[in-house]
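Heads up: the structure comes next, in structure tokens.
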Amino acid sequence: MSIPQSGGGPIERHEQLAEYLASGCKPRDTWRIGTEHEKFGYCKDTLKPLPYEGKRSILAVLEGLRDTYGWAPVTEGGNLIGLEKDGANVSLEPGGAVELSGAPLETIHETCDEVNTHLAEVKEIADKIGVGFIGLGAAPTWSHDEMPLMPKGRYRLMNDYMAKVGTMGRDMMRRTTTVQVNIDFGSEADMVQKLRVALALQPVATALFANSPFFEGKPNGHKSWRSRIWRSLDDSRTGMLPFVFEEGFGFERYVEYALDVPMYFVYRDGVYIDALGMSFRDFLQGKLPALPGETPTLSDWADHLTTAFPEARIKKYMEMRGADGGPWRRLCALPAFWVGLTYDQTALDAAWDLVKGWDAETRDKLRVAASVDGLQAQVGSLNMHDLAREVVAISQSGLKNRARPGAGGLVPDETHFLNALSESIETGKVPADELLDRYNGDWSGDLSRIFADYSY
């Protein structure tokens with residue numbers, strides 16, 4: 001989850017809220033790719049999740065990365081809670097999952113190199129202390145109480161609030177992980193087209209990257225339990241944003257949506273001030289109960305934008321949020337999938353043509369069906385397997401048109417990063433299907449085998 005934002009000074013005009021979003025518009029030649037992924041750490045001998053402190057702990061991993069690879073520390077309340085280097089961040093999820101928020105990079109070749117370097121660094125530190133890391137969309141065997149809450153003020157506030165607004169918010173915080181990609185937009189019209197395509201096709205990403213068929217030690221009946229959890233988190237800040245598809249949608253309409261998302265906190269002088277359930281509209285008028293008489297800054301607005309969790313969202317860039325965490329090939333495939341669809345205009349137009357006739361009910365049903373059935377999902381006449389085949393083909397064409405070479409020019413473009421998805425389309429099986437095959441096959445129902453066989 002996000003670290004405190006640096007947005008700017010006082011908000012003196014309502015228009016500044018939309019202007020903040022619009023300031024993210026960039027010329028095409030400066031568009032970048034930011035890949036984020038989370039992974040669960042565990043003790044190799046007990047197969048239990050890592051505590052924050054101790055010989056085998058999250059803190060030990062962070063200290064090892066800091067001391068061995070020159071990452072700069074990020075602290076809160078005297079606790080080491082993150083790292084920074086070269087435009088990238090390592091941070092902690094509420095239950096102790098470790099996240100890499102990658103630097104903005106030009107090509108998938110670069111972002112995949114970044115991912116691989118990070119995983120190699122983490123593995124070297126982890127191996128020394130008897131720790132492993134695994135990429136799954138949901139914790140396969142651990143209970144809520146086994147996963148300690150990390151020492152971040154934001155998480156303490158969220159933990160209390162989640163129990164009041166939904167049934168699975170705390171499960172999301174502690175026991176799910178994701179991979180996502182952040183992309184740029186060139187104008188308001190470009191943002192609108194990209195966000196519409198992003199929301200409509202998130203269910204395809206959910207299906208292709210589904211990797212959480214287990215929870216609390218047994219199959220859960222879903223290919224992506226992570227996606228199921230998000231549907232019961234908090235309706236005021238999650239979902240498929242049907243208003244995005246309405247005529248006239250733009251930055252200002254997104255501002256109105258974000259203003260209606262209840263607040264979590266205000267960050268002041270290193271402290272998270274409880275503003276749970278309060279209104280940013282009241283804050284703009286100096287009527288926030290948590291800070292009476294005080295009005296917000298653009299940094300507060302930037303923080304608030306990080307507390308909306310739809311399937312795709314905008315800040316000064318766009319975040320694709322529908323995929324489970326997974327194996328390393330999927331960590332490179334996710335940015336390739338979305339960059340192919342959105343960074344080539346011909347591909348983006350083809351993707352929009354594919355989805356523009358869908359209504360809100362269809363999009364919602366696809367989201368649910370993808371969570372349950374993966375590539376076997378069916379909604380009316382829409383077959384997810386066929387849909388995924390068409391969408392991946394569009395993405396491949398977009399990457400081919402981008403023609404960004406790698407390996408010193410030996411690799412002509414970025415299309416090979418989609419190979420993992422092409423294999424899923426050929427076989428009809430996504431990672432969740434493979435895991436269930438192993439569980440019902442050579443594992444003979446022994447889910448502890450997942451750690452040895454699927455860790456990084």
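Residue names in the structure tokens use chain letters A, B, ... in the order shown, residue numbers from 1 in each chain, and ligand numbers from 1 in the order shown.
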
Segment 78-202 of chain A: residues DSSP assigns to strand (DSSP E), reported as a compact mmCIF listing (two decimals) with N, CA and C atoms, in the first residue's frame:
```txt
# COMPACT_ATOMS: atom_id res chain seq x y z
N ASN A 79 10.58 2.78 13.65
CA ASN A 79 10.61 1.45 13.03
C ASN A 79 11.01 1.55 11.56
N LEU A 80 11.84 0.62 11.13
CA LEU A 80 12.18 0.51 9.71
C LEU A 80 10.99 -0.12 8.99
N ILE A 81 10.35 0.66 8.11
CA ILE A 81 9.13 0.15 7.46
C ILE A 81 9.24 0.18 5.94
N GLY A 82 10.42 0.56 5.40
CA GLY A 82 10.58 0.56 3.96
C GLY A 82 11.98 0.93 3.56
N LEU A 83 12.22 0.91 2.24
CA LEU A 83 13.53 1.20 1.67
C LEU A 83 13.35 1.98 0.37
N GLU A 84 14.35 2.76 -0.01
CA GLU A 84 14.31 3.52 -1.25
C GLU A 84 15.66 3.42 -1.97
N LYS A 85 15.60 3.33 -3.31
CA LYS A 85 16.81 3.38 -4.10
C LYS A 85 16.46 3.55 -5.57
N ALA A 88 12.91 3.48 -6.87
CA ALA A 88 12.08 2.34 -6.47
C ALA A 88 11.92 2.34 -4.95
N ASN A 89 10.89 1.65 -4.48
CA ASN A 89 10.63 1.53 -3.05
C ASN A 89 10.35 0.08 -2.69
N VAL A 90 10.83 -0.33 -1.52
CA VAL A 90 10.41 -1.59 -0.91
C VAL A 90 9.59 -1.21 0.31
N SER A 91 8.39 -1.75 0.41
CA SER A 91 7.51 -1.39 1.51
C SER A 91 6.82 -2.62 2.06
N LEU A 92 6.11 -2.44 3.16
CA LEU A 92 5.45 -3.55 3.85
C LEU A 92 3.94 -3.45 3.69
N VAL A 98 5.99 -8.31 1.50
CA VAL A 98 6.97 -7.32 1.05
C VAL A 98 6.64 -6.90 -0.37
N GLU A 99 6.59 -5.60 -0.60
CA GLU A 99 6.23 -5.07 -1.91
C GLU A 99 7.40 -4.33 -2.53
N LEU A 100 7.65 -4.58 -3.81
CA LEU A 100 8.53 -3.73 -4.60
C LEU A 100 7.67 -2.81 -5.44
N SER A 101 7.82 -1.52 -5.25
CA SER A 101 7.21 -0.52 -6.13
C SER A 101 8.32 -0.01 -7.03
N VAL A 131 14.59 -18.07 5.63
CA VAL A 131 13.30 -17.50 5.25
C VAL A 131 13.05 -17.75 3.77
N GLY A 132 11.80 -17.93 3.39
CA GLY A 132 11.42 -18.06 1.99
C GLY A 132 10.37 -17.03 1.62
N PHE A 133 10.19 -16.82 0.32
CA PHE A 133 9.14 -15.93 -0.18
C PHE A 133 8.39 -16.63 -1.30
N ILE A 134 7.08 -16.42 -1.33
CA ILE A 134 6.23 -17.10 -2.29
C ILE A 134 5.23 -16.11 -2.88
N THR A 178 -0.89 -8.84 -4.65
CA THR A 178 -1.22 -8.52 -6.04
C THR A 178 0.04 -8.17 -6.81
N VAL A 179 -0.09 -8.15 -8.12
CA VAL A 179 0.88 -7.51 -9.00
C VAL A 179 0.10 -6.49 -9.81
N GLN A 180 0.63 -5.31 -9.96
CA GLN A 180 -0.05 -4.27 -10.72
C GLN A 180 0.96 -3.48 -11.54
N VAL A 181 0.43 -2.77 -12.54
CA VAL A 181 1.29 -1.91 -13.34
C VAL A 181 0.67 -0.53 -13.38
N ASN A 182 1.53 0.46 -13.33
CA ASN A 182 1.13 1.85 -13.41
C ASN A 182 1.53 2.39 -14.77
N ILE A 183 0.57 3.02 -15.46
CA ILE A 183 0.82 3.53 -16.80
C ILE A 183 0.46 5.01 -16.88
```

Proximity of segment 200-241 of chain A to segment 360-374 of chain A: per-residue shortest pair, 7 Å limit, only C-alpha atoms, as a Markdown table:
```
| residue | atom | partner | partner_atom | distance |
| --- | --- | --- | --- | --- |
| A:Ala200 | CA | A:Arg363 | CA | 6.0 |
| A:Pro203 | CA | A:Arg367 | CA | 4.7 |
| A:Thr206 | CA | A:Ala370 | CA | 6.1 |
| A:Ala207 | CA | A:Gly374 | CA | 4.1 |
| A:Leu208 | CA | A:Gly374 | CA | 6.8 |
| A:Ala210 | CA | A:Gly374 | CA | 6.4 |
| A:Gly221 | CA | A:Val372 | CA | 6.8 |
| A:His222 | CA | A:Val372 | CA | 4.2 |
| A:Lys223 | CA | A:Val372 | CA | 5.4 |
| A:Ser224 | CA | A:Ser371 | CA | 4.7 |
| A:Trp225 | CA | A:Ser371 | CA | 6.7 |
| A:Ser227 | CA | A:Ser371 | CA | 5.7 |
| A:Arg228 | CA | A:Ser371 | CA | 6.2 |
| A:Met240 | CA | A:Asp364 | CA | 7.0 |
```

Go ahead and write the residues just picked, N, CA and C atoms, as a short mmCIF file (atom, residue, chain, number, x, y, z; two decimals), in the first residue's frame.
```
data_model
loop_
_atom_site.label_atom_id
_atom_site.label_comp_id
_atom_site.auth_asym_id
_atom_site.auth_seq_id
_atom_site.Cartn_x
_atom_site.Cartn_y
_atom_site.Cartn_z
N ALA A 200 -13.05 -2.33 -17.97
CA ALA A 200 -13.79 -3.38 -18.67
C ALA A 200 -13.00 -4.68 -18.76
N PRO A 203 -11.43 -7.97 -15.52
CA PRO A 203 -11.79 -9.37 -15.32
C PRO A 203 -10.96 -10.35 -16.15
N THR A 206 -7.88 -10.67 -14.19
CA THR A 206 -8.18 -11.51 -13.01
C THR A 206 -8.17 -12.98 -13.40
N ALA A 207 -8.78 -13.33 -14.52
CA ALA A 207 -8.84 -14.72 -14.96
C ALA A 207 -7.46 -15.25 -15.33
N LEU A 208 -6.72 -14.50 -16.13
CA LEU A 208 -5.41 -14.97 -16.61
C LEU A 208 -4.39 -15.09 -15.48
N ALA A 210 -5.22 -15.52 -12.20
CA ALA A 210 -5.83 -16.14 -11.01
C ALA A 210 -4.86 -17.13 -10.37
N GLY A 221 -13.03 -22.80 -3.64
CA GLY A 221 -14.09 -22.74 -4.64
C GLY A 221 -13.94 -21.61 -5.64
N HIS A 222 -12.86 -20.85 -5.55
CA HIS A 222 -12.58 -19.76 -6.49
C HIS A 222 -11.19 -19.93 -7.09
N LYS A 223 -11.03 -19.48 -8.32
CA LYS A 223 -9.68 -19.43 -8.90
C LYS A 223 -8.91 -18.23 -8.33
N SER A 224 -9.62 -17.13 -8.08
CA SER A 224 -8.99 -15.96 -7.46
C SER A 224 -9.77 -15.57 -6.21
N TRP A 225 -9.36 -16.12 -5.08
CA TRP A 225 -9.98 -15.75 -3.81
C TRP A 225 -9.64 -14.31 -3.45
N SER A 227 -9.65 -11.81 -5.50
CA SER A 227 -10.70 -11.01 -6.12
C SER A 227 -12.01 -11.12 -5.34
N ARG A 228 -12.32 -12.32 -4.85
CA ARG A 228 -13.52 -12.49 -4.04
C ARG A 228 -13.47 -11.63 -2.78
N MET A 240 -16.16 -1.40 -9.93
CA MET A 240 -15.93 -1.23 -11.36
C MET A 240 -16.28 0.16 -11.89
#
```

Point out the residue among A:Phe280, A:Phe215, A:Phe451, A:Trp31 with the least atom-to-atom distance to Leu105 of chain A, counting only C-alpha atoms. A:Trp31

Counting only C-alpha atoms, which residues of segment 216-331 of chain A fall within 12 Å of segment 338-347 of chain A, and what is the closest atom pair for each with its distance in Å at one decimal, ordered by chain and rising number, as CSV?
```
residue,atom,partner,partner_atom,distance
A:Ala312,CA,A:Trp338,CA,11.7
A:Met318,CA,A:Thr342,CA,10.8
A:Glu319,CA,A:Trp338,CA,10.1
A:Met320,CA,A:Trp338,CA,8.0
A:Arg321,CA,A:Trp338,CA,11.0
A:Gly322,CA,A:Trp338,CA,11.3
A:Ala323,CA,A:Trp338,CA,11.4
```

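Atom to atom, atom CA of Gly95 of chain A and atom CA of Pro148 of chain A stand 5.7 Å apart.
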
Between atom CA of Asp386 of chain A and atom CA of Thr107 of chain A, measure the distance and give it in Å to one decimal. 28.1 Å

How many Å separate atom CA of Pro431 of chain A from atom CA of Cys112 of chain A? 19.3 Å
